[in-house]
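Here is structure.cif, consisting of mmCIF, C-alpha atoms:
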```cif
data_final
#
loop_
_atom_site.group_PDB
_atom_site.id
_atom_site.type_symbol
_atom_site.label_atom_id
_atom_site.label_comp_id
_atom_site.auth_asym_id
_atom_site.auth_seq_id
_atom_site.Cartn_x
_atom_site.Cartn_y
_atom_site.Cartn_z
ATOM 1 C CA MET A 1053 -2.385 29.930 54.712
ATOM 2 C CA VAL A 1054 0.903 29.964 52.823
ATOM 3 C CA ASN A 1055 3.758 27.515 53.478
ATOM 4 C CA ARG A 1056 1.908 24.271 53.306
ATOM 5 C CA TYR A 1057 1.868 21.243 51.112
ATOM 6 C CA ALA A 1058 -0.778 22.273 48.554
ATOM 7 C CA ASP A 1059 1.084 25.519 47.913
ATOM 8 C CA ALA A 1060 4.304 23.536 47.479
ATOM 9 C CA GLU A 1061 2.627 21.192 44.977
ATOM 10 C CA ALA A 1062 1.489 24.187 42.924
ATOM 11 C CA LEU A 1063 4.979 25.697 42.944
ATOM 12 C CA LEU A 1064 6.534 22.382 41.944
ATOM 13 C CA ALA A 1065 4.110 22.039 39.025
ATOM 14 C CA GLU A 1066 4.942 25.580 37.903
ATOM 15 C CA TRP A 1067 8.722 25.366 38.247
ATOM 16 C CA VAL A 1068 9.669 21.756 37.453
ATOM 17 C CA GLN A 1069 9.002 20.132 34.096
ATOM 18 C CA SER A 1070 11.241 17.067 34.466
ATOM 19 C CA GLU A 1071 9.297 14.025 35.627
ATOM 20 C CA SER A 1072 12.412 12.529 37.232
ATOM 21 C CA LEU A 1073 13.087 15.700 39.246
ATOM 22 C CA ARG A 1074 9.445 15.864 40.326
ATOM 23 C CA LYS A 1075 9.659 12.250 41.494
ATOM 24 C CA HIS A 1076 12.904 12.987 43.316
ATOM 25 C CA CYS A 1077 11.228 15.880 45.137
ATOM 26 C CA LEU A 1078 8.284 13.635 45.991
ATOM 27 C CA ALA A 1079 10.651 10.912 47.245
ATOM 28 C CA VAL A 1080 12.458 13.394 49.505
ATOM 29 C CA SER A 1081 9.099 14.737 50.683
ATOM 30 C CA THR A 1082 7.937 11.191 51.429
ATOM 31 C CA SER A 1083 11.096 10.477 53.418
ATOM 32 C CA MET A 1084 10.771 13.777 55.283
ATOM 33 C CA ARG A 1085 7.137 13.068 56.221
ATOM 34 C CA HIS A 1086 8.097 9.611 57.487
ATOM 35 C CA MET A 1087 11.022 10.919 59.536
ATOM 36 C CA ALA A 1088 8.906 13.727 61.027
ATOM 37 C CA GLN A 1089 6.269 11.228 62.117
ATOM 38 C CA ARG A 1090 8.996 9.124 63.753
ATOM 39 C CA GLN A 1091 10.131 12.182 65.705
ATOM 40 C CA GLN A 1092 6.608 13.464 66.412
ATOM 41 C CA ALA A 1093 7.410 16.647 64.499
ATOM 42 C CA ASP A 1094 5.236 18.614 62.068
ATOM 43 C CA ALA A 1095 4.982 16.060 59.237
ATOM 44 C CA GLU A 1096 3.249 18.440 56.830
ATOM 45 C CA LEU A 1097 5.940 21.087 57.309
ATOM 46 C CA TRP A 1098 8.759 18.604 56.820
ATOM 47 C CA ALA A 1099 7.074 17.076 53.746
ATOM 48 C CA THR A 1100 6.594 20.557 52.299
ATOM 49 C CA VAL A 1101 10.289 21.363 52.695
ATOM 50 C CA GLY A 1102 11.188 18.084 51.021
ATOM 51 C CA LEU A 1103 8.849 18.747 48.117
ATOM 52 C CA ILE A 1104 10.335 22.143 47.242
ATOM 53 C CA HIS A 1105 13.978 21.712 48.273
ATOM 54 C CA ASP A 1106 15.053 21.436 44.599
ATOM 55 C CA LEU A 1107 12.398 23.793 43.217
ATOM 56 C CA ASP A 1108 14.911 25.844 41.222
ATOM 57 C CA TYR A 1109 17.355 23.070 40.283
ATOM 58 C CA GLU A 1110 16.041 22.639 36.743
ATOM 59 C CA ARG A 1111 16.137 26.359 35.890
ATOM 60 C CA PHE A 1112 19.228 27.283 37.929
ATOM 61 C CA PRO A 1113 21.381 24.146 38.372
ATOM 62 C CA ASN A 1114 24.357 26.046 39.883
ATOM 63 C CA ALA A 1115 27.306 24.134 38.424
ATOM 64 C CA ALA A 1116 29.603 26.774 39.962
ATOM 65 C CA GLN A 1117 28.113 26.120 43.424
ATOM 66 C CA SER A 1118 27.569 29.789 44.151
ATOM 67 C CA PRO A 1119 26.427 30.335 47.750
ATOM 68 C CA THR A 1120 24.192 33.259 46.770
ATOM 69 C CA ALA A 1121 22.996 32.656 43.191
ATOM 70 C CA GLU A 1122 21.126 29.914 41.363
ATOM 71 C CA HIS A 1123 20.097 26.691 43.203
ATOM 72 C CA PRO A 1124 18.908 26.822 46.006
ATOM 73 C CA SER A 1125 19.243 30.583 46.512
ATOM 74 C CA GLU A 1126 16.929 31.500 43.642
ATOM 75 C CA ALA A 1127 14.092 29.388 45.061
ATOM 76 C CA VAL A 1128 14.600 30.894 48.503
ATOM 77 C CA ARG A 1129 14.506 34.405 47.054
ATOM 78 C CA VAL A 1130 11.156 33.631 45.390
ATOM 79 C CA LEU A 1131 9.779 31.902 48.489
ATOM 80 C CA ARG A 1132 10.667 34.895 50.655
ATOM 81 C CA GLU A 1133 8.947 37.223 48.187
ATOM 82 C CA LEU A 1134 5.861 35.009 48.445
ATOM 83 C CA GLY A 1135 5.905 35.215 52.248
ATOM 84 C CA TRP A 1136 7.148 31.724 53.076
ATOM 85 C CA SER A 1137 8.621 31.266 56.551
ATOM 86 C CA GLU A 1138 12.291 31.697 57.303
ATOM 87 C CA GLU A 1139 12.239 28.219 58.860
ATOM 88 C CA ILE A 1140 11.468 26.723 55.445
ATOM 89 C CA CYS A 1141 13.874 29.001 53.573
ATOM 90 C CA ARG A 1142 16.723 28.260 55.937
ATOM 91 C CA ALA A 1143 16.160 24.496 55.698
ATOM 92 C CA ILE A 1144 16.299 24.662 51.902
ATOM 93 C CA LEU A 1145 19.526 26.680 51.965
ATOM 94 C CA SER A 1146 21.079 24.324 54.503
ATOM 95 C CA HIS A 1147 20.784 21.274 52.253
ATOM 96 C CA ALA A 1148 23.486 22.677 49.944
ATOM 97 C CA ASP A 1149 26.851 22.687 51.721
ATOM 98 C CA TYR A 1150 28.137 25.477 49.486
ATOM 99 C CA CYS A 1151 25.515 27.893 50.866
ATOM 100 C CA HIS A 1152 27.350 27.743 54.210
ATOM 101 C CA VAL A 1153 24.147 27.579 56.274
ATOM 102 C CA GLU A 1154 24.815 25.415 59.292
ATOM 103 C CA ARG A 1155 22.259 22.665 59.799
ATOM 104 C CA ILE A 1156 20.927 23.141 63.319
ATOM 105 C CA THR A 1157 17.338 21.925 63.548
ATOM 106 C CA PRO A 1158 16.224 18.298 63.220
ATOM 107 C CA MET A 1159 14.330 19.268 60.045
ATOM 108 C CA GLU A 1160 17.455 20.764 58.450
ATOM 109 C CA LYS A 1161 19.592 17.775 59.371
ATOM 110 C CA THR A 1162 16.964 15.340 58.132
ATOM 111 C CA LEU A 1163 16.573 17.084 54.772
ATOM 112 C CA TYR A 1164 20.314 16.816 54.213
ATOM 113 C CA ALA A 1165 20.347 13.184 55.347
ATOM 114 C CA VAL A 1166 17.489 11.951 53.158
ATOM 115 C CA ASP A 1167 18.045 14.033 50.001
ATOM 116 C CA GLU A 1168 20.810 12.047 48.296
ATOM 117 C CA LEU A 1169 19.747 8.812 49.982
ATOM 118 C CA SER A 1170 16.164 9.013 48.680
ATOM 119 C CA GLY A 1171 17.532 9.377 45.161
ATOM 120 C CA PHE A 1172 19.962 6.547 45.671
ATOM 121 C CA VAL A 1173 17.358 4.119 47.038
ATOM 122 C CA THR A 1174 15.144 5.032 44.075
ATOM 123 C CA ALA A 1175 17.988 4.202 41.691
ATOM 124 C CA VAL A 1176 18.604 0.877 43.439
ATOM 125 C CA ALA A 1177 14.913 -0.007 43.110
ATOM 126 C CA LEU A 1178 14.793 0.905 39.428
ATOM 127 C CA VAL A 1179 17.675 -1.417 38.477
ATOM 128 C CA ARG A 1180 16.140 -4.419 40.223
ATOM 129 C CA PRO A 1181 14.469 -6.933 37.900
ATOM 130 C CA ASP A 1182 11.060 -6.185 39.438
ATOM 131 C CA LYS A 1183 11.713 -2.391 39.573
ATOM 132 C CA SER A 1184 10.193 -2.363 43.045
ATOM 133 C CA VAL A 1185 11.291 -0.678 46.245
ATOM 134 C CA HIS A 1186 9.536 -3.520 48.052
ATOM 135 C CA SER A 1187 12.414 -5.863 47.209
ATOM 136 C CA VAL A 1188 15.189 -3.407 48.142
ATOM 137 C CA GLU A 1189 17.120 -4.319 51.273
ATOM 138 C CA VAL A 1190 19.628 -2.331 53.311
ATOM 139 C CA SER A 1191 22.402 -4.695 52.246
ATOM 140 C CA SER A 1192 21.700 -4.087 48.541
ATOM 141 C CA VAL A 1193 21.813 -0.312 49.054
ATOM 142 C CA LYS A 1194 25.115 -0.558 50.924
ATOM 143 C CA LYS A 1195 26.556 -2.822 48.225
ATOM 144 C CA LYS A 1196 25.543 -0.371 45.480
ATOM 145 C CA MET A 1197 27.086 2.500 47.464
ATOM 146 C CA LYS A 1198 30.470 0.806 47.015
ATOM 147 C CA ASP A 1199 29.994 0.682 43.241
ATOM 148 C CA LYS A 1200 31.262 4.114 42.165
ATOM 149 C CA ALA A 1201 29.934 3.632 38.615
ATOM 150 C CA PHE A 1202 26.374 3.145 39.872
ATOM 151 C CA ALA A 1203 24.351 6.373 40.198
ATOM 152 C CA ARG A 1204 27.628 8.232 40.080
ATOM 153 C CA ALA A 1205 25.950 11.640 40.476
ATOM 154 C CA VAL A 1206 24.921 10.681 44.022
ATOM 155 C CA ASN A 1207 27.412 11.905 46.601
ATOM 156 C CA ARG A 1208 28.080 8.988 48.950
ATOM 157 C CA GLU A 1209 29.926 11.237 51.411
ATOM 158 C CA ASP A 1210 26.777 13.362 51.790
ATOM 159 C CA ILE A 1211 24.789 10.228 52.636
ATOM 160 C CA ILE A 1212 27.327 9.164 55.255
ATOM 161 C CA ARG A 1213 27.625 12.698 56.685
ATOM 162 C CA GLY A 1214 23.833 12.974 56.818
ATOM 163 C CA ALA A 1215 23.572 9.882 59.005
ATOM 164 C CA GLN A 1216 26.366 11.195 61.224
ATOM 165 C CA GLU A 1217 24.692 14.590 61.641
ATOM 166 C CA LEU A 1218 21.464 12.838 62.641
ATOM 167 C CA ASP A 1219 23.488 10.648 64.987
ATOM 168 C CA VAL A 1220 21.974 7.450 63.621
ATOM 169 C CA PRO A 1221 23.727 4.433 62.127
ATOM 170 C CA LEU A 1222 23.827 4.527 58.332
ATOM 171 C CA GLU A 1223 21.975 1.202 58.194
ATOM 172 C CA THR A 1224 19.128 2.660 60.268
ATOM 173 C CA LEU A 1225 18.826 5.701 58.026
ATOM 174 C CA ILE A 1226 18.782 3.521 54.909
ATOM 175 C CA GLU A 1227 16.086 1.300 56.445
ATOM 176 C CA GLU A 1228 13.956 4.333 57.329
ATOM 177 C CA VAL A 1229 14.179 5.731 53.799
ATOM 178 C CA ILE A 1230 13.330 2.343 52.264
ATOM 179 C CA THR A 1231 10.324 2.074 54.599
ATOM 180 C CA ALA A 1232 9.202 5.598 53.713
ATOM 181 C CA LEU A 1233 9.449 5.024 49.967
ATOM 182 C CA ARG A 1234 7.621 1.705 50.223
ATOM 183 C CA GLY A 1235 4.711 3.591 51.777
ATOM 184 C CA ASN A 1236 4.377 5.794 48.678
ATOM 185 C CA ALA A 1237 5.656 3.354 46.057
ATOM 186 C CA VAL A 1238 2.760 3.750 43.627
ATOM 187 C CA ALA A 1239 3.060 7.551 43.352
ATOM 188 C CA LEU A 1240 6.843 7.259 43.087
ATOM 189 C CA GLY A 1241 6.673 4.664 40.311
ATOM 190 C CA LEU A 1242 8.491 2.156 42.511
ATOM 191 C CA ASN A 1243 5.743 -0.443 43.001
ATOM 192 C CA GLY A 1244 7.229 -2.798 40.426
ATOM 193 C CA ILE A 1245 6.357 -4.067 36.993
#
```
Step by step, read the file and then write its structure as structure tokens.
Amino acid sequence: MVNRYADAEALLAEWVQSESLRKHCLAVSTSMRHMAQRQQADAELWATVGLIHDLDYERFPNAAQSPTAEHPSEAVRVLRELGWSEEICRAILSHADYCHVERITPMEKTLYAVDELSGFVTAVALVRPDKSVHSVEVSSVKKKMKDKAFARAVNREDIIRGAQELDVPLETLIEEVITALRGNAVALGLNGI
């Protein structure tokens, strides 16, 4: 059956060469799986969406933020041709504000909420002396969010808006993402030195 995690892994291997982008996709997938389990949703579906949400980012980075070309539209075009569900395609489009796809479902809102935050928590872990997500605390993530020079490519407003759209306190969302990443720290390269 198409649309599941093994198919997503194969697509990721085919489309993404950058190890850091692959790890980002895995981190978002890990956070999505965790959040789905918390909500008693389809964890495999949510993890799959997380794994391929940036499938085309390396090839089609979309600096112009076109709503219909390049990232994430190119990936969605390919996924549709391959017969992937509209539920998955819509979620991927919705994570980019410039695509103008309103986030409606819990899966769409969660993808948006954990995307930038998963990357940010990863960055916080990697600058710690032990390079471990196990020593990252909510307070250290919040402190780093105030430092505009740190991980400056991460959009802090997206992180804050993501928590608001999920209707959860920012601290709770950060704690959930830290917990998720701790559960897959070895595969993410965040288990420490």
Just the residues within 12 Å of region 1211-1222 of chain A, please, counting all atoms listed in the file, with nothing from its chain fewer than 3 positions along; format it as an NGL selection string.
:A and (1087 or 1091 or 1146-1149 or 1154-1173 or 1190-1191 or 1193-1194 or 1197 or 1206-1208 or 1225-1229)
Explicit residue set for the PyMOL selection byres ((chain A and resi 1073) around 12), as number ranges by chain
A: 1064-1065, 1067-1072, 1074-1080, 1103-1111, 1113, 1167, 1170-1171, 1174, 1240
Contacts of Thr1082 (chain A) at 7 Å or less, counting all atoms listed in the file, minus same-chain residues fewer than 5 places along, as number ranges by chain?
A: 1099, 1232-1233
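CA of Ser1118 (chain A) to CA of Ala1058 (chain A) spans 29.7 Å [interatomic distance, one decimal].
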Mind giving me the axis-aligned box for region 1179-1191 of chain A with 5 Å on every side, centre plus edges in Å to one decimal, as AutoDock Vina command-line options?
```
--center_x 16.0 --center_y -3.8 --center_z 45.6 --size_x 22.9 --size_y 16.3 --size_z 25.4
```
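The interatomic distance for the pair CA of His1123 (chain A) and CA of Val1101 (chain A) works out to 14.7 Å.
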